[in-house]
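Novice: Next comes the structure file structure.txt, holding compact mmCIF, C-alpha atoms.
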```
# COMPACT_ATOMS: atom_id res chain seq x y z
CA MET A 1 108.91 7.79 104.57
CA MET A 2 111.19 10.15 102.73
CA THR A 3 112.95 7.27 100.99
CA SER A 4 109.64 5.94 99.70
CA LEU A 5 108.98 9.28 97.99
CA ASN A 6 112.25 9.03 96.03
CA PHE A 7 113.20 12.68 96.41
CA ASP A 8 115.65 14.07 93.88
CA ALA A 9 118.91 15.16 95.46
CA GLN A 10 119.21 18.93 95.29
CA ASP A 11 122.08 20.69 97.06
CA GLY A 12 121.17 23.12 99.80
CA ILE A 13 117.53 22.09 100.15
CA LEU A 14 116.21 20.84 103.48
CA ARG A 15 113.21 18.50 103.39
CA SER A 16 111.17 17.58 106.41
CA PHE A 17 107.66 16.74 107.55
CA SER A 18 105.69 18.93 109.93
CA ASP A 19 102.48 18.35 111.86
CA ALA A 20 102.02 22.12 112.25
CA PRO A 21 100.26 23.98 109.42
CA PRO A 22 101.97 26.93 107.71
CA THR A 23 101.99 30.06 109.85
CA HIS A 24 101.28 32.69 107.23
CA TYR A 25 99.24 31.44 104.27
CA THR A 26 97.38 28.46 102.86
CA VAL A 27 96.09 27.87 99.32
CA LYS A 28 93.60 25.09 98.64
CA ILE A 29 93.23 24.30 94.93
CA GLN A 30 90.24 22.18 93.91
CA SER A 31 89.76 20.53 90.50
CA LEU A 32 93.48 20.98 89.89
CA SER A 33 93.42 19.17 86.55
CA LEU A 34 91.13 21.86 85.14
CA LEU A 35 93.93 24.44 85.42
CA THR A 36 95.76 22.63 82.63
CA LYS A 37 92.56 21.92 80.72
CA ASN A 38 91.83 25.66 80.65
CA SER A 39 95.38 26.62 79.59
CA LEU A 40 96.41 28.00 82.99
CA GLU A 41 100.11 27.19 83.21
CA LYS A 42 100.35 28.65 86.70
CA TYR A 43 98.22 29.88 89.57
CA GLU A 44 99.14 33.01 91.53
CA SER A 45 97.65 33.36 95.00
CA GLY A 46 96.37 36.62 96.40
CA ASP A 47 98.69 38.85 98.41
CA PHE A 48 99.33 38.09 102.07
CA GLU A 49 101.46 39.83 104.67
CA ALA A 50 104.40 38.52 106.66
CA GLY A 51 107.17 40.44 108.36
CA GLY A 52 105.77 43.77 107.23
CA TYR A 53 105.85 42.91 103.51
CA LYS A 54 103.37 41.51 101.02
CA TRP A 55 103.94 38.15 99.33
CA LYS A 56 102.21 35.64 97.10
CA LEU A 57 102.66 32.00 96.11
CA VAL A 58 103.06 30.97 92.47
CA PHE A 59 102.36 27.32 91.63
CA TYR A 60 103.11 25.50 88.37
CA PRO A 61 101.29 22.11 88.49
CA ASN A 62 103.16 20.92 85.38
CA GLY A 63 106.47 22.61 86.11
CA ASN A 64 107.81 26.04 85.18
CA LYS A 65 108.30 25.71 81.41
CA SER A 66 110.16 29.04 81.26
CA ARG A 67 112.91 27.35 83.31
CA ASN A 68 112.70 24.11 81.33
CA VAL A 69 111.29 22.15 84.26
CA LYS A 70 110.05 18.70 83.31
CA ASP A 71 108.27 15.97 85.26
CA HIS A 72 108.04 18.11 88.43
CA ILE A 73 105.78 20.65 90.09
CA SER A 74 107.28 24.11 90.73
CA LEU A 75 106.47 26.37 93.67
CA TYR A 76 107.77 29.88 94.39
CA LEU A 77 107.46 32.69 96.91
CA VAL A 78 107.18 36.13 95.32
CA MET A 79 107.40 39.55 96.95
CA SER A 80 104.30 41.38 95.71
CA GLY A 81 102.25 44.48 96.32
CA ALA A 82 101.79 47.50 94.08
CA ASN A 83 105.29 48.86 94.70
CA ALA A 84 107.28 45.63 94.95
CA THR A 85 109.47 46.39 91.94
CA GLN A 86 110.25 49.84 93.38
CA ILE A 87 111.47 48.61 96.76
CA SER A 88 114.88 50.17 97.32
CA ARG A 89 115.86 48.11 100.33
CA GLU A 90 116.89 44.46 100.34
CA VAL A 91 114.77 42.07 102.35
CA TYR A 92 116.54 39.01 103.72
CA ALA A 93 114.10 36.23 104.49
CA VAL A 94 114.07 32.59 105.45
CA PHE A 95 111.01 30.84 104.06
CA ARG A 96 109.43 27.41 104.10
CA LEU A 97 106.98 26.12 101.48
CA PHE A 98 104.43 23.45 102.40
CA LEU A 99 102.49 20.67 100.66
CA LEU A 100 99.81 18.83 102.65
CA ASP A 101 99.76 15.03 102.87
CA GLN A 102 95.98 14.67 103.05
CA ASN A 103 96.29 11.02 104.10
CA LYS A 104 98.31 11.64 107.25
CA GLY A 105 97.41 15.28 107.92
CA ASN A 106 101.02 16.47 107.98
CA TYR A 107 103.02 18.63 105.59
CA LEU A 108 106.02 18.09 103.37
CA VAL A 109 108.20 21.17 103.95
CA LEU A 110 111.00 22.48 101.71
CA GLN A 111 113.46 25.07 102.96
CA GLU A 112 116.77 26.33 101.67
CA GLN A 113 119.69 26.23 104.07
CA ASN A 114 120.49 29.90 103.63
CA GLU A 115 118.36 33.04 103.79
CA ARG A 116 117.40 34.61 100.47
CA ARG A 117 117.67 38.22 99.41
CA PHE A 118 114.51 39.72 97.87
CA HIS A 119 114.78 43.06 96.08
CA GLY A 120 113.34 45.00 93.13
CA MET A 121 115.27 43.03 90.51
CA LYS A 122 114.80 39.62 92.16
CA LEU A 123 111.33 39.25 93.63
CA ASP A 124 110.97 35.47 93.54
CA TRP A 125 112.70 32.50 95.14
CA GLY A 126 111.56 28.93 95.41
CA PHE A 127 111.87 25.47 93.96
CA ASP A 128 111.88 24.60 90.26
CA GLN A 129 111.68 20.92 91.22
CA PHE A 130 109.59 21.04 94.37
CA LEU A 131 108.45 17.44 93.89
CA SER A 132 108.37 14.96 91.04
CA GLN A 133 105.08 14.58 89.19
CA LYS A 134 105.19 10.87 90.00
CA ALA A 135 105.40 11.48 93.76
CA PHE A 136 102.86 14.33 93.59
CA THR A 137 100.20 12.30 91.81
CA GLU A 138 100.76 9.01 93.69
CA ALA A 139 97.58 8.65 95.74
CA SER A 140 99.33 6.89 98.63
CA ASN A 141 101.43 10.03 99.25
CA GLY A 142 98.29 12.11 99.79
CA PHE A 143 99.49 15.26 98.05
CA LEU A 144 96.79 15.15 95.36
CA LEU A 145 93.49 13.63 96.49
CA ASP A 146 90.16 14.03 94.72
CA ASP A 147 91.93 16.43 92.34
CA THR A 148 92.62 18.76 95.31
CA SER A 149 95.92 19.99 96.68
CA VAL A 150 96.82 22.26 99.63
CA LEU A 151 99.91 24.50 99.63
CA GLY A 152 101.28 26.91 102.19
CA ALA A 153 104.07 29.27 103.19
CA GLU A 154 105.95 30.64 106.16
CA ILE A 155 108.24 33.65 105.85
CA PHE A 156 110.50 34.95 108.59
CA VAL A 157 111.66 38.55 108.29
CA CYS A 158 113.04 39.99 111.53
CA LYS A 159 111.41 37.02 113.26
CA GLU A 160 107.89 38.51 113.01
CA ARG A 161 104.77 36.46 112.52
CA SER A 162 101.26 37.31 111.39
CA THR A 163 97.85 35.71 111.55
CA CYS A 164 97.31 32.95 109.02
CA LYS A 165 95.07 33.83 106.11
CA GLY A 166 94.23 31.88 102.98
CA GLU A 167 92.21 31.39 99.85
CA CYS A 168 90.45 28.62 97.97
CA LEU A 169 90.48 28.29 94.18
CA SER A 170 87.55 26.31 92.77
CA MET A 171 87.75 25.43 89.09
CA VAL A 172 84.41 24.72 87.42
CA LYS A 173 84.07 21.23 85.98
CA ASP A 174 82.09 21.05 82.74
CA ALA A 175 81.70 24.83 82.69
CA VAL A 176 78.63 26.02 80.78
CA MET A 177 78.73 28.87 78.27
CA TYR A 178 75.95 31.44 78.55
CA LYS A 179 74.95 33.54 75.55
CA HIS A 180 73.34 36.95 75.94
CA VAL A 181 71.86 38.89 73.00
CA TRP A 182 71.43 42.67 73.20
CA LYS A 183 69.40 44.39 70.51
CA ILE A 184 69.92 48.18 70.32
CA ASP A 185 67.33 50.18 68.37
CA ASN A 186 67.71 53.75 67.05
CA PHE A 187 71.47 53.38 67.18
CA SER A 188 72.18 56.63 65.33
CA LYS A 189 70.36 58.57 68.05
CA LEU A 190 72.55 57.30 70.92
CA ASP A 191 74.06 60.37 72.57
CA ALA A 192 75.31 59.17 75.96
CA GLU A 193 78.96 58.26 76.58
CA PHE A 194 78.14 54.60 77.15
CA TYR A 195 75.24 52.18 77.52
CA ASP A 196 74.81 49.03 79.62
CA SER A 197 72.93 45.94 78.56
CA LYS A 198 70.50 44.24 80.89
CA THR A 199 72.23 42.20 83.58
CA PHE A 200 72.61 38.49 82.85
CA ILE A 201 74.01 35.58 84.83
CA SER A 202 76.83 33.20 83.88
CA GLY A 203 78.64 30.96 86.33
CA ASP A 204 76.57 32.34 89.24
CA GLN A 205 77.97 35.82 88.53
CA LYS A 206 76.10 38.88 87.29
CA TRP A 207 77.46 40.42 84.07
CA LYS A 208 76.65 43.20 81.63
CA ILE A 209 77.88 44.39 78.26
CA GLN A 210 79.14 47.98 78.08
CA LEU A 211 79.02 49.78 74.74
CA TYR A 212 80.61 53.15 74.00
CA PRO A 213 79.02 54.29 70.68
CA LYS A 214 81.65 57.02 70.13
CA GLY A 215 84.57 55.14 71.63
CA LYS A 216 86.58 55.11 74.86
CA GLY A 217 90.24 55.79 75.62
CA ASN A 218 92.36 55.48 72.50
CA GLY A 219 89.22 54.74 70.46
CA ILE A 220 87.37 58.01 71.12
CA GLY A 221 85.99 59.53 67.94
CA THR A 222 87.23 56.73 65.66
CA HIS A 223 85.93 53.43 67.03
CA LEU A 224 83.07 51.81 68.87
CA SER A 225 84.35 50.40 72.20
CA LEU A 226 82.92 47.21 73.70
CA TYR A 227 83.44 45.58 77.11
CA LEU A 228 82.26 42.76 79.32
CA ALA A 229 81.89 43.87 82.94
CA LEU A 230 80.86 42.50 86.30
CA ALA A 231 77.44 44.04 86.95
CA ASP A 232 77.99 44.38 90.71
CA PRO A 233 81.73 44.15 91.47
CA LYS A 234 81.34 45.73 94.92
CA SER A 235 79.34 42.69 96.03
CA LEU A 236 82.37 40.42 95.57
CA PRO A 237 84.04 39.40 98.83
CA PRO A 238 87.49 40.98 99.34
CA GLY A 239 90.18 39.03 97.53
CA SER A 240 87.77 37.22 95.21
CA LYS A 241 88.70 36.68 91.55
CA ILE A 242 86.72 35.16 88.68
CA TYR A 243 88.44 33.50 85.70
CA ALA A 244 86.30 33.61 82.57
CA ASP A 245 86.71 33.41 78.84
CA PHE A 246 84.33 35.35 76.68
CA THR A 247 83.48 36.42 73.16
CA LEU A 248 81.90 39.75 72.26
CA ARG A 249 80.33 40.01 68.82
CA ILE A 250 78.51 42.59 66.70
CA LEU A 251 76.31 40.80 64.20
CA ASP A 252 76.43 41.46 60.47
CA GLN A 253 72.67 41.10 59.90
CA VAL A 254 73.06 40.94 56.10
CA ASN A 255 76.17 38.93 55.24
CA ALA A 256 76.75 37.08 58.55
CA ARG A 257 80.38 38.29 58.55
CA HIS A 258 80.30 39.16 62.23
CA GLN A 259 82.88 41.30 64.03
CA PHE A 260 84.11 39.59 67.22
CA GLY A 261 86.81 39.49 69.87
CA LYS A 262 87.67 36.59 72.19
CA VAL A 263 89.82 36.64 75.34
CA ASN A 264 90.15 35.26 78.89
CA PHE A 265 90.59 37.39 82.00
CA TRP A 266 90.68 37.36 85.82
CA PHE A 267 87.81 39.66 86.88
CA SER A 268 87.76 41.21 90.36
CA ALA A 269 86.42 44.24 92.23
CA SER A 270 89.57 46.16 91.26
CA ASN A 271 89.50 44.89 87.64
CA PRO A 272 85.79 44.56 86.89
CA GLU A 273 85.82 44.93 83.09
CA CYS A 274 87.69 43.75 80.03
CA GLY A 275 87.25 44.57 76.37
CA TRP A 276 88.44 46.62 73.44
CA TRP A 277 88.88 50.36 72.97
CA ARG A 278 88.99 49.81 69.22
CA PHE A 279 86.45 47.08 68.64
CA ILE A 280 85.30 48.32 65.22
CA THR A 281 85.84 51.59 63.34
CA LEU A 282 82.84 53.89 63.19
CA GLY A 283 83.19 54.06 59.41
CA PHE A 284 83.13 50.30 58.97
CA LEU A 285 80.24 50.00 61.43
CA SER A 286 78.03 52.37 59.46
CA GLN A 287 79.18 51.39 55.97
CA ALA A 288 76.29 50.70 53.62
CA GLY A 289 75.82 47.05 52.79
CA MET A 290 77.84 45.76 55.76
CA GLY A 291 74.81 44.87 57.85
CA PHE A 292 76.08 45.93 61.28
CA LEU A 293 73.38 48.60 61.40
CA SER A 294 70.25 47.22 59.78
CA LYS A 295 67.27 49.59 59.97
CA ASP A 296 69.31 51.54 62.55
CA THR A 297 69.43 48.49 64.81
CA CYS A 298 72.62 46.99 66.18
CA THR A 299 72.76 43.49 67.71
CA VAL A 300 75.50 42.64 70.21
CA GLU A 301 76.19 39.18 71.61
CA ALA A 302 78.22 38.02 74.60
CA GLU A 303 79.23 34.41 75.21
CA VAL A 304 80.62 33.97 78.72
CA THR A 305 82.09 30.87 80.37
CA VAL A 306 83.26 31.02 83.99
CA HIS A 307 86.07 28.48 84.57
CA GLY A 308 87.22 29.30 88.08
CA ILE A 309 86.56 31.34 91.21
CA SER A 310 89.12 32.19 93.89
CA ASN A 311 87.75 33.23 97.29
CA ALA A 312 89.46 34.22 100.51
CA LEU A 313 89.10 31.65 103.27
```
As a first step, turn the structure in this file into structure tokens.
Specialist:
Amino acid sequence: MMTSLNFDAQDGILRSFSDAPPTHYTVKIQSLSLLTKNSLEKYESGDFEAGGYKWKLVFYPNGNKSRNVKDHISLYLVMSGANATQISREVYAVFRLFLLDQNKGNYLVLQEQNERRFHGMKLDWGFDQFLSQKAFTEASNGFLLDDTSVLGAEIFVCKERSTCKGECLSMVKDAVMYKHVWKIDNFSKLDAEFYDSKTFISGDQKWKIQLYPKGKGNGIGTHLSLYLALADPKSLPPGSKIYADFTLRILDQVNARHQFGKVNFWFSASNPECGWWRFITLGFLSQAGMGFLSKDTCTVEAEVTVHGISNAL
């Protein structure tokens, strides 16, 4: 079997097949081709625990370009958690990374012969050339079926094991953009710190626009601040993330020279909003003849497209 896959010879790498699933973590990625279509060079899993430390998997479906990888997929194990870069101790670990053959129900497993040393200055180890693109995409090998792939990891630190957890990333095929228009009357009389638009739905998620008429953060007193936010982030299941691109726009109602910002972002319960402290200066906003405030009315638009949702299994 291994000969038929035409593995590249790489010193110090052990390849095998296992009927047993990974002990510590599994990542199922659906609509894999849409990662590339939506300019996602890599996918980072959520954190999981093994051996008393937190880890994550990082997958490059088209190879890690920063390491000049071509014609291969790249897969890495990364020590994570809020204080990973501040860890003073060195963690020696033996790890195995898995790729499911969905035809036979077993796993291709890659493991280095020697343990690896994880520490604050070197948080990641793995395989630049985990598998050739040709072998990965060949349907008879079963690694990529119906645009879906399943990855996994086992990490052994002090020989401890933990309960398997996982997540599932679902990219949205033919994602639909939703446009919400918010008309704000009597703008000059706004005296609260911020205002929320009515809730609207895009990609089965509830959103709102947040407007700070006198600014927020580094924009206080000089700029209007504008954000897109999840309307009910606490309702998200733990570990869930939403990948969306969006445009926020204040309309020039006279000259149609609108002020806008466009960005993409992973929204979650811990990061429920994204936007700009300094969206537009207060002077430019109120300047006569500009049209942003016509008859003391301001019109704000949001265009939101949800491209992917990652949920814990």
Novice: Could the residues of stretch 115-215 of chain A that have an atom at most 10 Å from stretch 272-277 of chain A be listed as a Markdown table, each with its closest atom pair and the distance in Å to one decimal, counting all atoms listed in the file and ordered by chain and ascending residue number?
Specialist:
```
| residue | atom | partner | partner_atom | distance |
| --- | --- | --- | --- | --- |
| A:Trp207 | CA | A:Glu273 | CA | 9.5 |
| A:Lys208 | CA | A:Glu273 | CA | 9.4 |
| A:Ile209 | CA | A:Glu273 | CA | 9.3 |
| A:Gln210 | CA | A:Glu273 | CA | 8.9 |
| A:Leu211 | CA | A:Gly275 | CA | 9.9 |
| A:Tyr212 | CA | A:Trp277 | CA | 8.8 |
| A:Gly215 | CA | A:Trp277 | CA | 6.6 |
```
Novice: Would you compute the distance between atom CA of A:Tyr107 and atom CA of A:Arg15? Give it in Å to one decimal.
Specialist: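 Taking atom CA of A:Tyr107 and atom CA of A:Arg15, their separation equals 10.4 Å.
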Novice: Rank A:Ser286, A:Ser80, A:Asn186, A:Asn64 by their smallest atom-to-atom distance to A:Phe127, using only C-alpha atoms, and report the top residue only.
Specialist: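 Checking each of A:Ser286, A:Ser80, A:Asn186, A:Asn64 against A:Phe127, counting only C-alpha atoms, the winner is A:Asn64.
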Novice: Calculated over all atoms listed in the file, which of the candidates A:Thr281, A:Asn264, A:Ser197, A:Ser188 has the smallest distance to A:His223?
Specialist: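 Under the stated criterion, the closest residue is A:Thr281.
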Novice: Using 12 Å as the limit and counting only C-alpha atoms, can you tabulate each residue of stretch 157-223 of chain A that touches stretch 137-151 of chain A, with its shortest atom-to-atom distance in Å and the two atoms involved, as JSON lines?
Specialist:
```
{"residue": "A:Gly166", "atom": "CA", "partner": "A:Leu151", "partner_atom": "CA", "distance": 9.9}
{"residue": "A:Glu167", "atom": "CA", "partner": "A:Val150", "partner_atom": "CA", "distance": 10.2}
{"residue": "A:Cys168", "atom": "CA", "partner": "A:Val150", "partner_atom": "CA", "distance": 9.2}
{"residue": "A:Leu169", "atom": "CA", "partner": "A:Thr148", "partner_atom": "CA", "distance": 9.8}
{"residue": "A:Ser170", "atom": "CA", "partner": "A:Thr148", "partner_atom": "CA", "distance": 9.4}
{"residue": "A:Met171", "atom": "CA", "partner": "A:Thr148", "partner_atom": "CA", "distance": 10.3}
{"residue": "A:Lys173", "atom": "CA", "partner": "A:Asp147", "partner_atom": "CA", "distance": 11.2}
```
Novice: One decimal, Å: what's the distance from atom CA of A:Ile155 over to atom CA of A:Gln30, could you say?
Specialist: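 These atoms are spaced 24.5 Å apart.
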Novice: For a test of reading the model, state the distance in Å between atom CA of A:Phe98 and atom CA of A:Leu57, rounded to one decimal.
Specialist: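 Straight-line distance from atom CA of A:Phe98 to atom CA of A:Leu57 works out to 10.8 Å.
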Novice: Using all atoms listed in the file, which residue out of A:Trp55, A:Gly81, A:Lys189, A:Asp174 lies closest to A:Trp125?
Specialist: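 Comparing A:Trp55, A:Gly81, A:Lys189, A:Asp174 against A:Trp125, the winner is A:Trp55.
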Novice: Could you write out as AutoDock Vina command-line options the box around stretch 249-261 of chain A (axis-aligned, all atoms listed in the file, 5 Å on each side), with centre and edge lengths in Å to one decimal?
Specialist:
```
--center_x 79.7 --center_y 39.8 --center_z 62.6 --size_x 24.1 --size_y 15.5 --size_z 24.6
```
Novice: Between A:Ser45, A:Thr299, A:Asn103, A:Ser240, which has the minimum distance to A:Phe59 (counting only C-alpha atoms)?
Specialist: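 Closest residue, counting only C-alpha atoms: A:Ser45.
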Novice: Can you pull out every residue within 6 Å of stretch 268-270 of chain A, counting all atoms listed in the file, but drop anything in the same chain fewer than 4 positions away, and send it as a PyMOL selection string?
Specialist: chain A and resi 233-234+241
Novice: Would you please work out which residue, of A:Asp245, A:Asp101, A:Asp185, A:Asp47, is nearest to A:Phe17 when using only C-alpha atoms?
Specialist: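 Counting only C-alpha atoms, the residue closest to A:Phe17 is A:Asp101.
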Novice: Kindly provide, as a list in words, the polymer residues lying within 12 Å of (88.8, 56.0, 69.6), counting only C-alpha atoms and using the coordinates exactly as they appear in the file.
Specialist: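 With a cut-off of 12 Å, the residues come to Tyr212, Pro213, Lys214, Gly215, Lys216, Gly217, Asn218, Gly219, Ile220, Gly221, Thr222, His223, Leu224, Ser225, Leu226, Trp276, Trp277, Arg278, Phe279, Ile280, Thr281, Leu282 and Gly283 of chain A.
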Novice: Excluding A:Phe156 and residues on its chain fewer than 4 positions from it, collect all residues at most 12 Å away from it, counting only C-alpha atoms, and give them as a PyMOL selection string.
Specialist: chain A and resi 22-24+49-53+55+91-97+111+115-116+160-162
Novice: Taking 4 positions as the minimum chain separation for residues in the same chain, which residues sit within 8 Å of A:Glu301 when counting all atoms listed in the file? Answer as a list in words.
Specialist: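 Counting all atoms listed in the file, the residues come to Lys179, His180, Val181, Trp182, Thr247, Leu248, Arg249, Ile250 and Leu251 of chain A.
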Novice: Go ahead and write the residues just picked, C-alpha atoms, as an mmCIF file, in the coordinates of the input.
Specialist:
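Full text of out10.cif as output:
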```cif
data_model
loop_
_atom_site.group_PDB
_atom_site.id
_atom_site.type_symbol
_atom_site.label_atom_id
_atom_site.label_comp_id
_atom_site.auth_asym_id
_atom_site.auth_seq_id
_atom_site.Cartn_x
_atom_site.Cartn_y
_atom_site.Cartn_z
ATOM 1 C CA LYS A 179 74.950 33.540 75.550
ATOM 2 C CA HIS A 180 73.340 36.950 75.940
ATOM 3 C CA VAL A 181 71.860 38.890 73.000
ATOM 4 C CA TRP A 182 71.430 42.670 73.200
ATOM 5 C CA THR A 247 83.480 36.420 73.160
ATOM 6 C CA LEU A 248 81.900 39.750 72.260
ATOM 7 C CA ARG A 249 80.330 40.010 68.820
ATOM 8 C CA ILE A 250 78.510 42.590 66.700
ATOM 9 C CA LEU A 251 76.310 40.800 64.200
#
```
